[in-house]
Structures are given as structure tokens and as C-alpha cells.
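Asker: I'd like to ask some things about the structure below.
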Number of protein chains: 2
Amino acid sequence: MGDSPGNRRTPPARSGRPGIADVAAEAGVSPSTVSSALNGTRAVRPETRERVLRAAERLGYLPSKAPKAPKAPKAPKASTAPTAPKAPEASKAPEASKAPEASKAPEASKAPDAPRAAREESPRPTRVIGVITDGIATTPFAGRIVQGAQEVARERGALLMVLDSGGDPELEAHHLCSLPEHGVDGVLYTRTVHAEVERPRELGDLPVVLVGAAPADGWTVPAVVPDEYALASAAVAHLLEVGHRRFAFLTSDEDTPATRGRADGFASALAPAWYDGARSVVERAAPDAAGGRRVARRLLHLPVGERPTAIVCFNDQMAMGVYQGAEALGLEVPRDASVLGIGDLELLTESLDPPLSTVALPHREMGRWGMTALLALLEGRAADAAEPVQLAGELVERRSVARPRRLIPWLTGR
Amino acid sequence: MGDSPGNRRTPPARSGRPGIADVAAEAGVSPSTVSSALNGTRAVRPETRERVLRAAERLGYLPSKAPKAPKAPKAPKASTAPTAPKAPEASKAPEASKAPEASKAPEASKAPDAPRAAREESPRPTRVIGVITDGIATTPFAGRIVQGAQEVARERGALLMVLDSGGDPELEAHHLCSLPEHGVDGVLYTRTVHAEVERPRELGDLPVVLVGAAPADGWTVPAVVPDEYALASAAVAHLLEVGHRRFAFLTSDEDTPATRGRADGFASALAPAWYDGARSVVERAAPDAAGGRRVARRLLHLPVGERPTAIVCFNDQMAMGVYQGAEALGLEVPRDASVLGIGDLELLTESLDPPLSTVALPHREMGRWGMTALLALLEGRAADAAEPVQLAGELVERRSVARPRRLIPWLTGR
């Protein structure tokens, strides 16, 4: 949005009473498990239920009065419904949000030459959390993780030390090596790309939580990742509901948990509609605008009765490429093809004409989960590190999806 | 680029020996003043020269052997040439970059239950700097400021506490009020939009440096802002050099230092070319894609001999709108119109077809300057707060600018 402040749509949530996501992070489980444990909607192992109840008690969690029923297709593993991560925050009363801190008068500020003394006046030692990011200056994704982590850190009186590598492994190693000398107590090791990452040996003995990526074989660590399956399922569910039956999935040609999960979610969500005549094609390309453009030109060049009416894209950049490919063929979004992205890079989604509907990645929610889990770890409560917790995203409807046009069969050659 | 890590172009600079920008920040002047003071290329007041020399001495600054000559048109106030902010870093030897910290073994890491003890082992008290940002989760601009600030903080052993308001004044006030209780020693108060800002009363007595915005009347504070005049001048200079004579400037309809400075820079850089037949039109609109689109449709609808061949846009979003407006009229960038943005939001500039040439805003450099000035302030060396220091940007050439097509005069009706 840059020079256009009016476009900022998502002010961060205020601190306030804990939500279901906080209980989930405290207990080291997914929000849907918390929900099941508290509401009895699904069977949960007794020891898990016990852990959730203790976490809820510790945080003083009060369930909101009208919990939302999950609407999207079910993912195979533990997963939240697409609307879940933001739901608990929406239920917070804004008046309650700034009680303890806002009332402090600015006169309490410290003289500039007494930094250590200032810290020692605080009631308990301030924890310093190193946050390793990999692209704070390129996409808003790393910033959203930091934002979520910061919200929790502020509520809990912890300091964040943000160190960005710009995706450079050497600089990241350098940052990690410097953490002990900065007196860092724990590390939020974050990635904007959902890949499999090995344990960096520079971490030493520091407590760590992994955010946005899955640990590679042999690394046992509390981790939180996007529920890729649910992201793609939510996209398909929306397009089926609008009436589409001929789908294309433009995905990345890289082999990562993100590509595998989204491909599974796409296929599974479409399967029940096969009896109803649904058809689909999957195309792989570089996950950028040029990749999307190239594939779109080929797909949309098919005769009108054969080409897809709905295109799900691996990310918003590829979706932008589909717009460009359609333009080149004299076609219009959404009249000639509905397009749905994944990610919600508002700079792109809101600048496109028409604005792009997309399934938002849960980076802020992952940042919240990660920081809560790390603070619990530092307080001696081990999080469950058996399997990464998966958080779903939220469908953001703009104007790139419409009902498919009805075709007169004999004109289309069918 | 989110899911496309291969697109990341600008890894942050490593720490190493200080550059001209660091000396500038230490002395509280602009890099061009440092250059003039050290090289005698321009008259500098004796006391300023003295301050620069002392700052250079304190930092152990060694001038690089081949200083670049400024190429862009001169701005009226103190200003760096477009390439200056990055020049000193390019001259660093990468081998020298990670000497002291990388050699620390990870075994030195602290136990998680001794955060205060860990901090007290460090040779001097660690400074904690509160960094207030206004949109870390929306554009990369705030992230670039944090990146620059972090580079300096790491070199100097300071901790950053990043608090983002998402542009919400109430949340920002809340963050500011919470700073004293976090033991913060000083505040980097940053904005991504170059406006005039009043001193927030919640700052109390905390030392502060303002980054990215100008202080409103009555607030005396060290501040660093983009050199708006130089940004627009650099854009015009590039287009004149390529051969353009009919210009349009699509600018924001808001009245800010950014709009005023860029309008001045545009007009002044064009003035000498008037004798050479250069003509221009200035159009105002909302500084987003829709605004750019609307104006472009009108401008590019003019007969081919009358419409502008070169369009300078207030930001990259408006430039994206110009692409869309051109497409709608069946015109091509850059064949029918060259387009130049300001900002360098790589998500947009690299996703557009063809990729957008733009003048990059100096957010990372402003972050470096601000943190250096704040640390100097905390060490008792007052920075010059009389006038905000201005940093220029860098022209990033991609493929949206071409020579104007030669027209056969009698076909165009002239």
C-alpha cells in the first residue's frame, strides 16, 4: 500500500483476553483440537484433553458464546476450519484491550544512560526472543509473522530481536551465531516458504520453535505450518459453490510440502463433484507471474467449451500472470475465467483489475502460535513436537470469481 | 517474493567497516555533506566539517578509493546522488564481513532460565531500541527500515523491539505508552508514508529519531526522509536521456511533502529541456492502481502525436494502473508509452509484464541512518535536528522504458 495509507485493511488485533489459538499454542496442539476437547465435538485422547484444559485454565480462557461451525471441507490431519484462526479475536471486546499498559504515564520513562537499571526495575526478568526471518524486506509474509509474534510478546512482556537474512543462508548462520552474545533466551525460527528445513547447527542449545516450515527428518521441534490441504480445498469449495465444473490448478514446479499439500487438497475437494461432471487439469510452472502467464495463454487458448472456467493458482503472483495471459487473448476476468489465488499479498490482490479473490495464508496466526509455544517452552512446559500443527487460511472474496457463463451446447461443439 | 525465493534480489549488506552513510548519520548530516567535507568538492561550514571529521575518526572511516561522481540532477537542498547510499557498501570486502561474531561457538548459549544473568555477562549494558513501524504486514517498506536499523543495531550490539501499529493511531499510542515498562532506551519512530507528523505526546522523555517523515511545526528532532525532489528528477533525467520529450506526471491527490517534493523535482528537471521542445502535463489521482488506470485511459486516448510518450508515476501502484489503462486501449508498454514508477515494490515491479523500471525509495538506508543517529544520541552526541536529512533513491532499470517511436509528422497532424 505504501504511499496509499487508505488501503490498509487489516489493523492488528489488540491484546485482550486469550482466544482459542492462544490455548492451542499453550497446549501445543491445533485450534481444532482445542475446540474438540472443550466442546466434545470430536474424540480427543484423554491426555490431550487434560493438557488443553490445563492450558485453558492457566490462560483464563473463556469460550466465546457463539462458536462458528466449520464450513470448509475437512483436512485429513488436525486442521482448523478456514475461519477459525481469526474467529477468537473477533470476539474480543475492544474496550478491554488496553487496560494495563495504556494507563502508564509517560513520566515513567528512563534516562538514556541507564538501560540496565531500567530493565532491572521490571517485576520479572524480561525474556529476549530472537526472531529469525528470511525476507522482511521483500514480501509482507515475514512482517505478518513478526506482527503475530509481537502481539503475544507484548502481552507477555517479552522483547523481540528481529534478525532478517533476506534468504541468504550465510547471513542467517551469522545471525544465529550472534544470538547467545545478545543474551537471547529462545529463538523463533521462521520461514515464509513452506519447505522442509534441517536443524541449523548454529542454534546450539537454544530453545527453538519453528514457524512456517516443517522440520526435516530427525529434527524434533514444535512447529506450525499452513494447512496447505485446507487452503486449496477452501478455494475449490468456493468455486464449486459458485457453479464451476471445469477447473485448472496452476501450481509450482517445486517439490515442497506446500505444493504437495495444495495438490492433495485440490484433488480431494474436487473428487465428490466428479459424479456431477466436474473435470480438472493440473499444470506446473515457475511460481511467479511469468509462470502463470505462460500456462494461462495455453489453457485459455482452448475452445470455449473445453477451457477451464475456474483457475486456482498456487500463489497470487501466478494469479496475476493468469490475468496477463487472459488480457493477451482478449479475455476478461471473471467473465471468461474465474481466478483464485493463495496468499493474499494485498499489494497485488488489491491492485489487480478486478481485485483478486484469494485464500489468505495464516502468517500472523503462525507468529502468534509460535511465540506462545516458545514462551511456554521457556517456562518449562514442553510443547508437543511430534507433528507440526497446521493452521488454515481465510477466504478473502474480492471480484475475480463469478458464475460460469452458460453456453449454448451446439455453439461450443459439444 | 513469497513462494518464489529465487526472485529475492537484494540480500542485506553484511556488517563491516563503516561507510559514508554511517559517518553521515554519526555526524547528523547528509552523505553528500560528508563527501564534500572530506573531499573539498563543495564549500562546507567549518564547524560542520569539524563534526564530520570527528565522526569519521570515531568510526574509523576510510574513504573508498574510487568515489563515484554524482550523475543525477542536483537537488536544491542537501542531497545525495541517487547511487550514493549504496556506494560505500559495495566497496566492502565480503571476506571481512563476519569476523568477530561468526567465530563464537554455539556452546556459549545460555540456559533458558537465566535471561537476566545472560545479559549481565555482556561487556557493556545492551541498549534496547523501540522501533515503531506503521505497516510491517502490508508493504515491504517498513521491513526495509527495520532491516537497515537491524544491520546497525547488530554491529553495535543493540536490541530492537519492533512494535507495529498497522497504521492505527490508537495502537501506536498504546505501543508508545508501553515502551518505558519494557526498559527501552530510545525510539526509532518510523513512517512508510512521507507526511508531516506531530510529536506523539506518549513519547515522554525518551530520546527519539524520526525516520521516513518530517516533523511538523515545533517538533525539533533528528529526522531522515526520502529526497523526493531527487527521486522525481532522476526519473525525468532517465527518460530525457532515452529521448522522450512529451511527459506526463501522474501524482497523488494528497498534499504531503512527498507530493510537493516530487512535483518540484519533476518540473525542475524538465525545465532545461523546454528549449528542446519538451512538454508535460501533471495529473492528480488517488495514489493506487485504480487512480493510475483512470488517468491513463484518458491520457492515452489522445491522438498519437499529442499523447505523452513517457509517464512518471507517483508510486508503483499507479504505474500498474497505467499498464492496465494501456491494455484496455490496446496499447503496449513500452512501445506506445514508457512508464517509470517510484518505490520499487518488487512484488509489483517484477510481476508486471514487462517488469517495471522504477526509482527505489531509500527505506533501508533511512533505517541505517536513523539507528546510527539514535545510538549517537544515546551516547551523548547530539545530532543536528535543524532540518531533516534527505536521502536519494536509486534508479532500477527493468523493461518499461524504451526510446519513443519516431512519428512521420504529416501522419500525426503536426
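Within each chain, counting starts at residue 1; across the C-alpha cells, chains are named A, B, ... in the order shown, with ligands numbered 1 upward in that order.
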To test your reading of the structure, identify every residue in range 116-258 of chain A that backbone DSSP assigns to strand (DSSP E), and report it as an NGL selection string.

Answerer: :A and (128-133 or 159-164 or 186-190 or 196-197 or 208-211 or 214-215 or 223-226 or 246-252)

Asker: May I ask for the distance between CA of Pro200 in chain A and CA of Gln147 in chain A, given in Å to one decimal place?

Answerer: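 Straight-line distance from CA of Pro200 in chain A to CA of Gln147 in chain A works out to 23.9 Å.
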
Asker: Excluding range 321-330 of chain A and any residue of its chain fewer than 2 positions from it, enumerate the residues within 9 Å of it, using only C-alpha atoms, and give them as JSON, numbers by chain.

Answerer: {"A": [288, 289, 290, 291, 292, 293, 294, 295, 296, 297, 298, 300, 301, 311, 313, 316, 317, 318, 319, 332, 333, 336, 337, 339, 352, 353], "B": [327, 328, 351, 352, 353]}

Asker: Would you mind exporting the chosen residues as a tab-separated table (two decimals), in the first residue's frame, restricted to N, CA and C atoms?

Answerer:
```
chain	number	residue	atom	x	y	z
A	288	ASP	N	5.66	-17.77	-10.29
A	288	ASP	CA	5.69	-16.32	-10.40
A	288	ASP	C	4.76	-15.88	-11.53
A	289	ALA	N	4.69	-14.58	-11.77
A	289	ALA	CA	3.76	-14.07	-12.77
A	289	ALA	C	4.08	-14.63	-14.15
A	290	ALA	N	5.35	-14.73	-14.48
A	290	ALA	CA	5.73	-15.24	-15.81
A	290	ALA	C	5.26	-16.68	-15.98
A	291	GLY	N	5.38	-17.48	-14.92
A	291	GLY	CA	4.93	-18.88	-14.98
A	291	GLY	C	3.42	-18.96	-15.20
A	292	GLY	N	2.68	-18.17	-14.43
A	292	GLY	CA	1.22	-18.17	-14.56
A	292	GLY	C	0.78	-17.70	-15.93
A	293	ARG	N	1.48	-16.68	-16.44
A	293	ARG	CA	1.14	-16.10	-17.75
A	293	ARG	C	1.29	-17.13	-18.86
A	294	ARG	N	2.41	-17.84	-18.81
A	294	ARG	CA	2.73	-18.80	-19.86
A	294	ARG	C	1.67	-19.91	-19.92
A	295	VAL	N	1.34	-20.47	-18.75
A	295	VAL	CA	0.36	-21.56	-18.73
A	295	VAL	C	-1.02	-21.05	-19.11
A	296	ALA	N	-1.37	-19.85	-18.62
A	296	ALA	CA	-2.71	-19.31	-18.89
A	296	ALA	C	-2.92	-19.10	-20.38
A	297	ARG	N	-1.88	-18.64	-21.06
A	297	ARG	CA	-2.03	-18.41	-22.50
A	297	ARG	C	-2.38	-19.70	-23.22
A	298	ARG	N	-1.77	-20.80	-22.77
A	298	ARG	CA	-2.04	-22.08	-23.42
A	298	ARG	C	-3.44	-22.58	-23.06
A	300	LEU	N	-6.09	-20.99	-21.84
A	300	LEU	CA	-7.22	-20.16	-22.23
A	300	LEU	C	-7.34	-20.04	-23.74
A	301	HIS	N	-6.38	-20.62	-24.45
A	301	HIS	CA	-6.45	-20.63	-25.90
A	301	HIS	C	-7.33	-21.77	-26.40
A	311	ILE	N	-9.82	-21.07	-12.39
A	311	ILE	CA	-8.39	-21.35	-12.26
A	311	ILE	C	-7.94	-21.04	-10.85
A	313	CYS	N	-4.80	-20.80	-8.36
A	313	CYS	CA	-3.36	-20.59	-8.53
A	313	CYS	C	-2.61	-20.84	-7.23
A	316	ASP	N	-0.50	-15.70	-5.39
A	316	ASP	CA	-1.10	-14.53	-6.02
A	316	ASP	C	-0.30	-14.04	-7.23
A	317	GLN	N	1.02	-14.28	-7.21
A	317	GLN	CA	1.83	-13.87	-8.35
A	317	GLN	C	1.42	-14.64	-9.61
A	318	MET	N	1.21	-15.97	-9.46
A	318	MET	CA	0.76	-16.75	-10.62
A	318	MET	C	-0.61	-16.27	-11.08
A	319	ALA	N	-1.46	-15.91	-10.12
A	319	ALA	CA	-2.80	-15.41	-10.49
A	319	ALA	C	-2.68	-14.12	-11.30
A	332	GLU	N	-11.58	-11.73	-20.44
A	332	GLU	CA	-11.76	-10.94	-19.23
A	332	GLU	C	-11.96	-11.81	-18.01
A	333	VAL	N	-11.33	-11.40	-16.90
A	333	VAL	CA	-11.57	-12.00	-15.59
A	333	VAL	C	-12.63	-11.15	-14.90
A	336	ASP	N	-14.73	-14.46	-18.49
A	336	ASP	CA	-14.32	-15.63	-19.26
A	336	ASP	C	-13.64	-16.70	-18.40
A	337	ALA	N	-13.09	-16.31	-17.28
A	337	ALA	CA	-12.49	-17.28	-16.36
A	337	ALA	C	-12.42	-16.68	-14.97
A	339	VAL	N	-10.71	-16.53	-11.33
A	339	VAL	CA	-9.34	-16.78	-10.87
A	339	VAL	C	-9.30	-16.63	-9.36
A	352	LEU	N	-4.87	-5.42	-8.67
A	352	LEU	CA	-5.34	-6.05	-9.90
A	352	LEU	C	-6.73	-5.54	-10.26
A	353	ASP	N	-7.05	-5.64	-11.55
A	353	ASP	CA	-8.34	-5.17	-12.05
A	353	ASP	C	-9.03	-6.33	-12.77
B	327	GLU	N	-3.47	-1.35	-21.61
B	327	GLU	CA	-4.03	-2.62	-22.10
B	327	GLU	C	-5.46	-2.44	-22.61
B	328	ALA	N	-6.23	-1.69	-21.81
B	328	ALA	CA	-7.64	-1.50	-22.15
B	328	ALA	C	-7.79	-0.79	-23.49
B	351	SER	N	6.52	-8.48	-11.16
B	351	SER	CA	5.40	-9.29	-11.66
B	351	SER	C	4.76	-8.67	-12.88
B	352	LEU	N	4.96	-7.37	-13.09
B	352	LEU	CA	4.35	-6.72	-14.25
B	352	LEU	C	5.00	-7.22	-15.53
B	353	ASP	N	4.25	-7.10	-16.63
B	353	ASP	CA	4.74	-7.55	-17.93
B	353	ASP	C	4.66	-6.38	-18.91
```

Asker: Could you tell me which of A:Val193, A:Leu53, A:Ala43, A:Leu171 comes closest to Glu254 in chain A if we count only C-alpha atoms?

Answerer: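 Of A:Val193, A:Leu53, A:Ala43, A:Leu171, the one nearest Glu254 in chain A is A:Val193, counting only C-alpha atoms.
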